[in-house]
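Q: My structure is stored as input-v4.cif, with mmCIF, C-alpha atoms.
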```
data_input
#
loop_
_atom_site.group_PDB
_atom_site.id
_atom_site.type_symbol
_atom_site.label_atom_id
_atom_site.label_comp_id
_atom_site.auth_asym_id
_atom_site.auth_seq_id
_atom_site.Cartn_x
_atom_site.Cartn_y
_atom_site.Cartn_z
ATOM 1 C CA MET A 1 37.968 70.701 -55.666
ATOM 2 C CA SER A 2 39.269 67.354 -54.305
ATOM 3 C CA THR A 3 39.158 68.277 -50.611
ATOM 4 C CA PRO A 4 35.397 67.784 -50.079
ATOM 5 C CA SER A 5 35.486 64.316 -51.687
ATOM 6 C CA VAL A 6 38.493 63.313 -49.617
ATOM 7 C CA GLY A 7 36.703 64.494 -46.478
ATOM 8 C CA LEU A 8 33.560 62.598 -47.466
ATOM 9 C CA ARG A 9 35.521 59.390 -48.052
ATOM 10 C CA ALA A 10 37.186 59.742 -44.661
ATOM 11 C CA ARG A 11 33.832 60.230 -42.949
ATOM 12 C CA LYS A 12 32.372 57.206 -44.744
ATOM 13 C CA LYS A 13 35.339 55.072 -43.694
ATOM 14 C CA GLU A 14 34.991 56.220 -40.099
ATOM 15 C CA ALA A 15 31.245 55.525 -40.176
ATOM 16 C CA THR A 16 31.835 52.018 -41.529
ATOM 17 C CA ALA A 17 34.493 51.277 -38.917
ATOM 18 C CA GLN A 18 32.190 52.475 -36.137
ATOM 19 C CA ALA A 19 29.268 50.476 -37.506
ATOM 20 C CA LEU A 20 31.361 47.304 -37.563
ATOM 21 C CA GLN A 21 32.592 47.928 -34.048
ATOM 22 C CA GLY A 22 29.070 48.659 -32.844
ATOM 23 C CA ARG A 23 27.675 45.420 -34.288
ATOM 24 C CA ALA A 24 30.606 43.468 -32.875
ATOM 25 C CA ILE A 25 30.091 44.873 -29.379
ATOM 26 C CA GLU A 26 26.379 44.048 -29.502
ATOM 27 C CA LEU A 27 27.197 40.459 -30.422
ATOM 28 C CA PHE A 28 29.974 40.147 -27.848
ATOM 29 C CA LEU A 29 27.539 41.249 -25.141
ATOM 30 C CA GLU A 30 24.772 38.977 -26.416
ATOM 31 C CA ARG A 31 26.714 35.817 -27.269
ATOM 32 C CA GLY A 32 30.146 36.210 -25.720
ATOM 33 C CA TYR A 33 33.457 37.138 -27.316
ATOM 34 C CA ASP A 34 34.686 33.610 -28.085
ATOM 35 C CA GLU A 35 31.311 32.565 -29.448
ATOM 36 C CA THR A 36 31.148 35.458 -31.932
ATOM 37 C CA THR A 37 32.881 35.033 -35.285
ATOM 38 C CA VAL A 38 33.914 37.586 -37.862
ATOM 39 C CA GLN A 39 31.222 36.111 -40.102
ATOM 40 C CA ASP A 40 28.634 36.823 -37.407
ATOM 41 C CA ILE A 41 29.799 40.439 -37.260
ATOM 42 C CA THR A 42 29.753 40.974 -41.003
ATOM 43 C CA ASP A 43 26.335 39.337 -41.331
ATOM 44 C CA ALA A 44 24.966 41.671 -38.655
ATOM 45 C CA ALA A 45 26.565 44.699 -40.308
ATOM 46 C CA GLY A 46 25.497 43.684 -43.811
ATOM 47 C CA VAL A 47 29.004 43.749 -45.285
ATOM 48 C CA SER A 48 31.505 41.212 -46.558
ATOM 49 C CA GLN A 49 34.392 39.748 -44.582
ATOM 50 C CA ARG A 50 36.677 41.467 -47.051
ATOM 51 C CA THR A 51 35.207 44.792 -45.941
ATOM 52 C CA PHE A 52 35.700 43.857 -42.275
ATOM 53 C CA PHE A 53 39.366 43.044 -42.782
ATOM 54 C CA ARG A 54 39.852 46.326 -44.588
ATOM 55 C CA TYR A 55 39.178 48.037 -41.248
ATOM 56 C CA TYR A 56 40.209 45.461 -38.645
ATOM 57 C CA ALA A 57 43.043 43.000 -39.116
ATOM 58 C CA THR A 58 41.540 40.577 -36.588
ATOM 59 C CA LYS A 59 38.512 40.195 -34.343
ATOM 60 C CA ASP A 60 40.739 41.314 -31.460
ATOM 61 C CA ALA A 61 41.403 44.604 -33.229
ATOM 62 C CA VAL A 62 37.766 45.610 -32.750
ATOM 63 C CA LEU A 63 38.465 45.861 -29.010
ATOM 64 C CA LEU A 64 41.871 47.478 -29.380
ATOM 65 C CA ALA A 65 41.178 50.132 -32.028
ATOM 66 C CA GLU A 66 40.359 52.673 -29.321
ATOM 67 C CA HIS A 67 43.940 52.643 -28.096
ATOM 68 C CA ALA A 68 45.533 54.543 -30.959
ATOM 69 C CA ARG A 69 42.657 57.010 -31.030
ATOM 70 C CA ARG A 70 42.898 57.656 -27.292
ATOM 71 C CA GLU A 71 46.664 58.107 -27.446
ATOM 72 C CA ALA A 72 46.321 60.597 -30.293
ATOM 73 C CA ALA A 73 43.583 62.455 -28.412
ATOM 74 C CA MET A 74 45.802 62.776 -25.349
ATOM 75 C CA SER A 75 48.633 64.159 -27.464
ATOM 76 C CA GLU A 76 46.310 66.750 -29.002
ATOM 77 C CA LEU A 77 44.944 67.734 -25.601
ATOM 78 C CA LEU A 78 48.415 68.194 -24.173
ATOM 79 C CA VAL A 79 49.470 70.447 -27.023
ATOM 80 C CA SER A 80 46.540 72.702 -26.135
ATOM 81 C CA ARG A 81 47.712 72.765 -22.499
ATOM 82 C CA THR A 82 51.249 73.962 -23.209
ATOM 83 C CA GLY A 83 52.285 76.668 -20.757
ATOM 84 C CA LEU A 84 49.315 76.169 -18.437
ATOM 85 C CA PRO A 85 49.587 75.079 -14.768
ATOM 86 C CA VAL A 86 50.771 71.481 -14.562
ATOM 87 C CA ARG A 87 48.453 70.440 -11.739
ATOM 88 C CA GLU A 88 45.425 71.707 -13.643
ATOM 89 C CA THR A 89 46.622 69.889 -16.750
ATOM 90 C CA LEU A 90 46.853 66.618 -14.846
ATOM 91 C CA ASP A 91 43.273 67.054 -13.629
ATOM 92 C CA VAL A 92 42.076 67.894 -17.148
ATOM 93 C CA VAL A 93 43.821 64.842 -18.612
ATOM 94 C CA LEU A 94 42.235 62.560 -16.026
ATOM 95 C CA ARG A 95 38.761 63.983 -16.682
ATOM 96 C CA ASP A 96 39.231 63.555 -20.405
ATOM 97 C CA LEU A 97 40.286 59.921 -20.011
ATOM 98 C CA VAL A 98 37.328 59.223 -17.747
ATOM 99 C CA ARG A 99 34.766 60.813 -20.049
ATOM 100 C CA ASP A 100 36.135 58.800 -22.945
ATOM 101 C CA ILE A 101 35.421 55.620 -20.968
ATOM 102 C CA VAL A 102 31.913 56.689 -19.940
ATOM 103 C CA ASP A 103 31.064 57.514 -23.555
ATOM 104 C CA ARG A 104 32.043 53.956 -24.541
ATOM 105 C CA ARG A 105 30.669 51.968 -21.618
ATOM 106 C CA ASP A 106 29.466 49.023 -23.718
ATOM 107 C CA LEU A 107 32.902 48.644 -25.300
ATOM 108 C CA VAL A 108 34.558 48.908 -21.882
ATOM 109 C CA LYS A 109 32.251 46.249 -20.468
ATOM 110 C CA VAL A 110 33.231 43.819 -23.215
ATOM 111 C CA GLN A 111 36.910 44.707 -22.900
ATOM 112 C CA ALA A 112 36.828 44.007 -19.164
ATOM 113 C CA GLN A 113 35.232 40.604 -19.720
ATOM 114 C CA VAL A 114 37.683 39.648 -22.452
ATOM 115 C CA PHE A 115 40.828 40.989 -20.790
ATOM 116 C CA LEU A 116 40.088 38.832 -17.732
ATOM 117 C CA THR A 117 40.054 35.681 -19.844
ATOM 118 C CA VAL A 118 42.528 36.414 -22.654
ATOM 119 C CA PRO A 119 45.961 37.256 -21.168
ATOM 120 C CA ALA A 120 47.400 38.405 -24.498
ATOM 121 C CA LEU A 121 44.723 41.076 -24.824
ATOM 122 C CA ALA A 122 45.196 42.118 -21.204
ATOM 123 C CA ASP A 123 48.872 42.622 -22.021
ATOM 124 C CA ARG A 124 47.899 44.803 -24.978
ATOM 125 C CA PHE A 125 45.847 47.004 -22.652
ATOM 126 C CA SER A 126 48.757 47.243 -20.235
ATOM 127 C CA GLY A 127 50.897 48.399 -23.131
ATOM 128 C CA HIS A 128 48.287 51.038 -23.922
ATOM 129 C CA GLN A 129 48.453 52.317 -20.348
ATOM 130 C CA ASP A 130 52.238 52.468 -20.583
ATOM 131 C CA ARG A 131 52.072 54.461 -23.819
ATOM 132 C CA LEU A 132 49.653 56.951 -22.274
ATOM 133 C CA GLY A 133 52.097 57.330 -19.398
ATOM 134 C CA VAL A 134 54.989 57.972 -21.756
ATOM 135 C CA ILE A 135 53.042 60.575 -23.746
ATOM 136 C CA LEU A 136 52.105 62.392 -20.555
ATOM 137 C CA SER A 137 55.511 62.129 -18.906
ATOM 138 C CA GLU A 138 57.328 63.477 -21.962
ATOM 139 C CA PHE A 139 54.985 66.450 -22.045
ATOM 140 C CA LEU A 140 55.452 67.054 -18.314
ATOM 141 C CA ALA A 141 59.223 66.914 -18.646
ATOM 142 C CA GLY A 142 59.046 69.686 -21.216
ATOM 143 C CA GLU A 143 56.720 71.767 -19.080
ATOM 144 C CA LEU A 144 58.883 71.313 -15.981
ATOM 145 C CA GLY A 145 62.105 71.870 -17.885
ATOM 146 C CA VAL A 146 63.688 68.618 -16.707
ATOM 147 C CA PRO A 147 65.216 65.709 -18.661
ATOM 148 C CA ALA A 148 62.601 63.057 -19.443
ATOM 149 C CA ASP A 149 65.108 60.202 -19.314
ATOM 150 C CA SER A 150 66.774 60.900 -15.956
ATOM 151 C CA ASP A 151 64.390 62.909 -13.764
ATOM 152 C CA PRO A 152 61.791 60.564 -12.215
ATOM 153 C CA ARG A 153 59.207 63.241 -11.419
ATOM 154 C CA PRO A 154 57.464 63.472 -14.824
ATOM 155 C CA ARG A 155 57.032 59.703 -14.937
ATOM 156 C CA LEU A 156 55.766 59.545 -11.365
ATOM 157 C CA LEU A 157 53.233 62.299 -12.025
ATOM 158 C CA ALA A 158 52.093 60.545 -15.192
ATOM 159 C CA VAL A 159 51.740 57.229 -13.371
ATOM 160 C CA GLN A 160 49.540 58.886 -10.745
ATOM 161 C CA VAL A 161 47.093 60.014 -13.405
ATOM 162 C CA VAL A 162 47.064 56.812 -15.470
ATOM 163 C CA ARG A 163 46.753 54.534 -12.429
ATOM 164 C CA SER A 164 44.006 56.674 -10.916
ATOM 165 C CA TRP A 165 42.183 56.204 -14.206
ATOM 166 C CA THR A 166 42.620 52.422 -14.396
ATOM 167 C CA VAL A 167 41.919 51.741 -10.707
ATOM 168 C CA SER A 168 38.761 53.847 -10.749
ATOM 169 C CA ILE A 169 37.568 51.956 -13.849
ATOM 170 C CA LEU A 170 37.997 48.648 -12.018
ATOM 171 C CA VAL A 171 36.055 49.935 -8.999
ATOM 172 C CA TRP A 172 33.375 51.325 -11.310
ATOM 173 C CA LEU A 173 33.025 48.025 -13.150
ATOM 174 C CA THR A 174 32.845 46.085 -9.883
ATOM 175 C CA GLY A 175 30.028 48.375 -8.771
ATOM 176 C CA GLY A 176 28.020 47.647 -11.898
ATOM 177 C CA MET A 177 29.059 50.846 -13.711
ATOM 178 C CA THR A 178 26.539 52.833 -11.668
ATOM 179 C CA GLY A 179 28.808 55.214 -9.733
ATOM 180 C CA ASP A 180 30.236 58.555 -10.778
ATOM 181 C CA LEU A 181 33.426 57.466 -12.504
ATOM 182 C CA GLU A 182 34.734 60.997 -12.809
ATOM 183 C CA GLN A 183 34.434 61.524 -9.069
ATOM 184 C CA MET A 184 35.976 58.123 -8.355
ATOM 185 C CA ALA A 185 38.987 58.985 -10.483
ATOM 186 C CA ALA A 186 39.365 62.419 -8.887
ATOM 187 C CA ASP A 187 39.178 60.830 -5.430
ATOM 188 C CA SER A 188 41.808 58.241 -6.364
ATOM 189 C CA LEU A 189 44.186 60.930 -7.577
ATOM 190 C CA HIS A 190 43.580 62.953 -4.429
ATOM 191 C CA LEU A 191 44.409 59.907 -2.283
ATOM 192 C CA MET A 192 47.726 59.410 -4.037
ATOM 193 C CA ARG A 193 48.577 63.056 -3.574
ATOM 194 C CA SER A 194 47.617 63.422 0.068
ATOM 195 C CA ASP A 195 46.620 60.283 1.988
ATOM 196 C CA PRO A 196 49.054 59.565 4.869
ATOM 197 C CA LEU A 197 49.244 55.914 3.818
ATOM 198 C CA PHE A 198 50.953 56.969 0.593
ATOM 199 C CA VAL A 199 52.901 59.883 2.009
ATOM 200 C CA ASP A 200 54.293 57.874 4.959
ATOM 201 C CA PRO A 201 53.186 54.217 5.116
ATOM 202 C CA ALA A 202 55.088 53.697 8.408
#
```
Now that the file is in, can you turn its structure into structure tokens?

A:
Amino acid sequence: MSTPSVGLRARKKEATAQALQGRAIELFLERGYDETTVQDITDAAGVSQRTFFRYYATKDAVLLAEHARREAAMSELLVSRTGLPVRETLDVVLRDLVRDIVDRRDLVKVQAQVFLTVPALADRFSGHQDRLGVILSEFLAGELGVPADSDPRPRLLAVQVVRSWTVSILVWLTGGMTGDLEQMAADSLHLMRSDPLFVDPA
């Protein structure tokens, strides 16, 4: 009998967290990150600061909450890909990462603006990229049947995917977020796999 109520509470918590993040992003875009206070966010969301801090430890956390969710989503996706062709899995992972960005373009726009001006937050995003790479490389090591700590191939394959993702995001942002990010990412990965400059720079 308790399961439905537990599920309802979880959904309400998720809805509140998303509402707070949504209001914060709107204000960051309108006023700027530094100019927006937690009080501004809670006033816009119609909740108390106490409620805000129940979901986000700091204002920064509003921009970083996606990291844990994205890392968990990648782990779940990889479990579903166990035993399937590795190359196809790498393509699927890249598409999934890209679509996650496109679905959250307003958040990404704010993150890009803030990360350029707040080095500590940029470092947090770099750490997120590294964690995605570790999750993927450990999975690949298992699929390839090689040791994750001594064979460089799983890490190199993972880096190709994660860097294709981040580089294509930068190009997309520079172009005003108007291009086909999924195609940009696929093209970037293809370049790393086949372009003579990367195969033999001499």

Q: The PyMOL selection byres ((chain A and resi 18) around 12) on the file shown: which residues, as a list in words?

A: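 Checking the PyMOL selection byres ((chain A and resi 18) around 12) against this file, the residues are Arg11, Lys12, Lys13, Glu14, Ala15, Thr16, Ala17, Ala19, Leu20, Gln21, Gly22, Arg23, Ala24, Ile25, Ala45, Phe52, Tyr55, Tyr56, Val62, Leu63, Ala65, Glu66, Arg104 and Leu107 of chain A.
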
Q: Could you tell me which of A:Ala10, A:Lys109, A:Thr37, A:Asp91 comes closest to Thr174 in chain A if we count only C-alpha atoms?

A: A:Lys109

Q: For a quick check of understanding, using all atoms listed in the file, which of A:Val108, A:Val114, A:Ala141, A:Val134 has the smallest distance to Glu35 in chain A?

A: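 Residue with the minimum atom-to-atom distance to Glu35 in chain A: A:Val114.
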
Q: Could you tell me how far CA of Gln160 in chain A lies from CA of Arg69 in chain A, in Å and to one decimal?

A: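 Calculated distance between CA of Gln160 in chain A and CA of Arg69 in chain A is 21.5 Å.
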
Q: Rounded to one decimal place, report the CA of Gln49 in chain A-CA of His67 in chain A distance in Å.

A: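 Between CA of Gln49 in chain A and CA of His67 in chain A the gap is 23.0 Å.
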
Q: Selection in question (the file shown): the PyMOL selection byres ((chain A and resi 139) around 9). Which residues does it include, as a VMD selection string?

A: chain A and resid 75 78 to 79 82 134 to 138 140 to 144 148 154

Q: Nearest to Phe115 in chain A: which of A:Leu64, A:Leu94, A:Asp151, A:Val86 is it, counting all atoms listed in the file?

A: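 Checking each of A:Leu64, A:Leu94, A:Asp151, A:Val86 against Phe115 in chain A, counting all atoms listed in the file, the winner is A:Leu64.
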
Q: For a quick check of understanding, using all atoms listed in the file, which of A:Val171, A:Val102, A:Met192, A:Ala57 has the smallest distance to Val159 in chain A?

A: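 Looking only at the distances to Val159 in chain A, the closest residue turns out to be A:Met192.
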
Q: Find, counting only C-alpha atoms, the residue in A:Leu181, A:Leu84, A:Leu197, A:Leu189 that gets nearest to Ala158 in chain A.

A: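 Of the candidates, the smallest distance to Ala158 in chain A is held by A:Leu189.
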
Q: CA of Pro85 in chain A and CA of Val146 in chain A, how far apart in Å?

A: 15.6 Å

Q: Which one of A:Met74, A:Val118, A:Leu157, A:Val93 sits closest to Arg131 in chain A if you count all atoms listed in the file?

A: A:Met74

Q: With a distance cut-off of 9 Å and only C-alpha atoms, select the neighbouring residues of Arg70 in chain A, excluding the residue or stretch itself and same-chain residues fewer than 5 positions from it, and output the selection as an mmCIF file with C-alpha atoms, keeping the file's coordinate frame.

A:
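File written: part_18.cif
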```
data_model
loop_
_atom_site.group_PDB
_atom_site.id
_atom_site.type_symbol
_atom_site.label_atom_id
_atom_site.label_comp_id
_atom_site.auth_asym_id
_atom_site.auth_seq_id
_atom_site.Cartn_x
_atom_site.Cartn_y
_atom_site.Cartn_z
ATOM 1 C CA SER A 75 48.633 64.159 -27.464
ATOM 2 C CA LEU A 97 40.286 59.921 -20.011
ATOM 3 C CA ASP A 100 36.135 58.800 -22.945
ATOM 4 C CA LEU A 132 49.653 56.951 -22.274
#
```
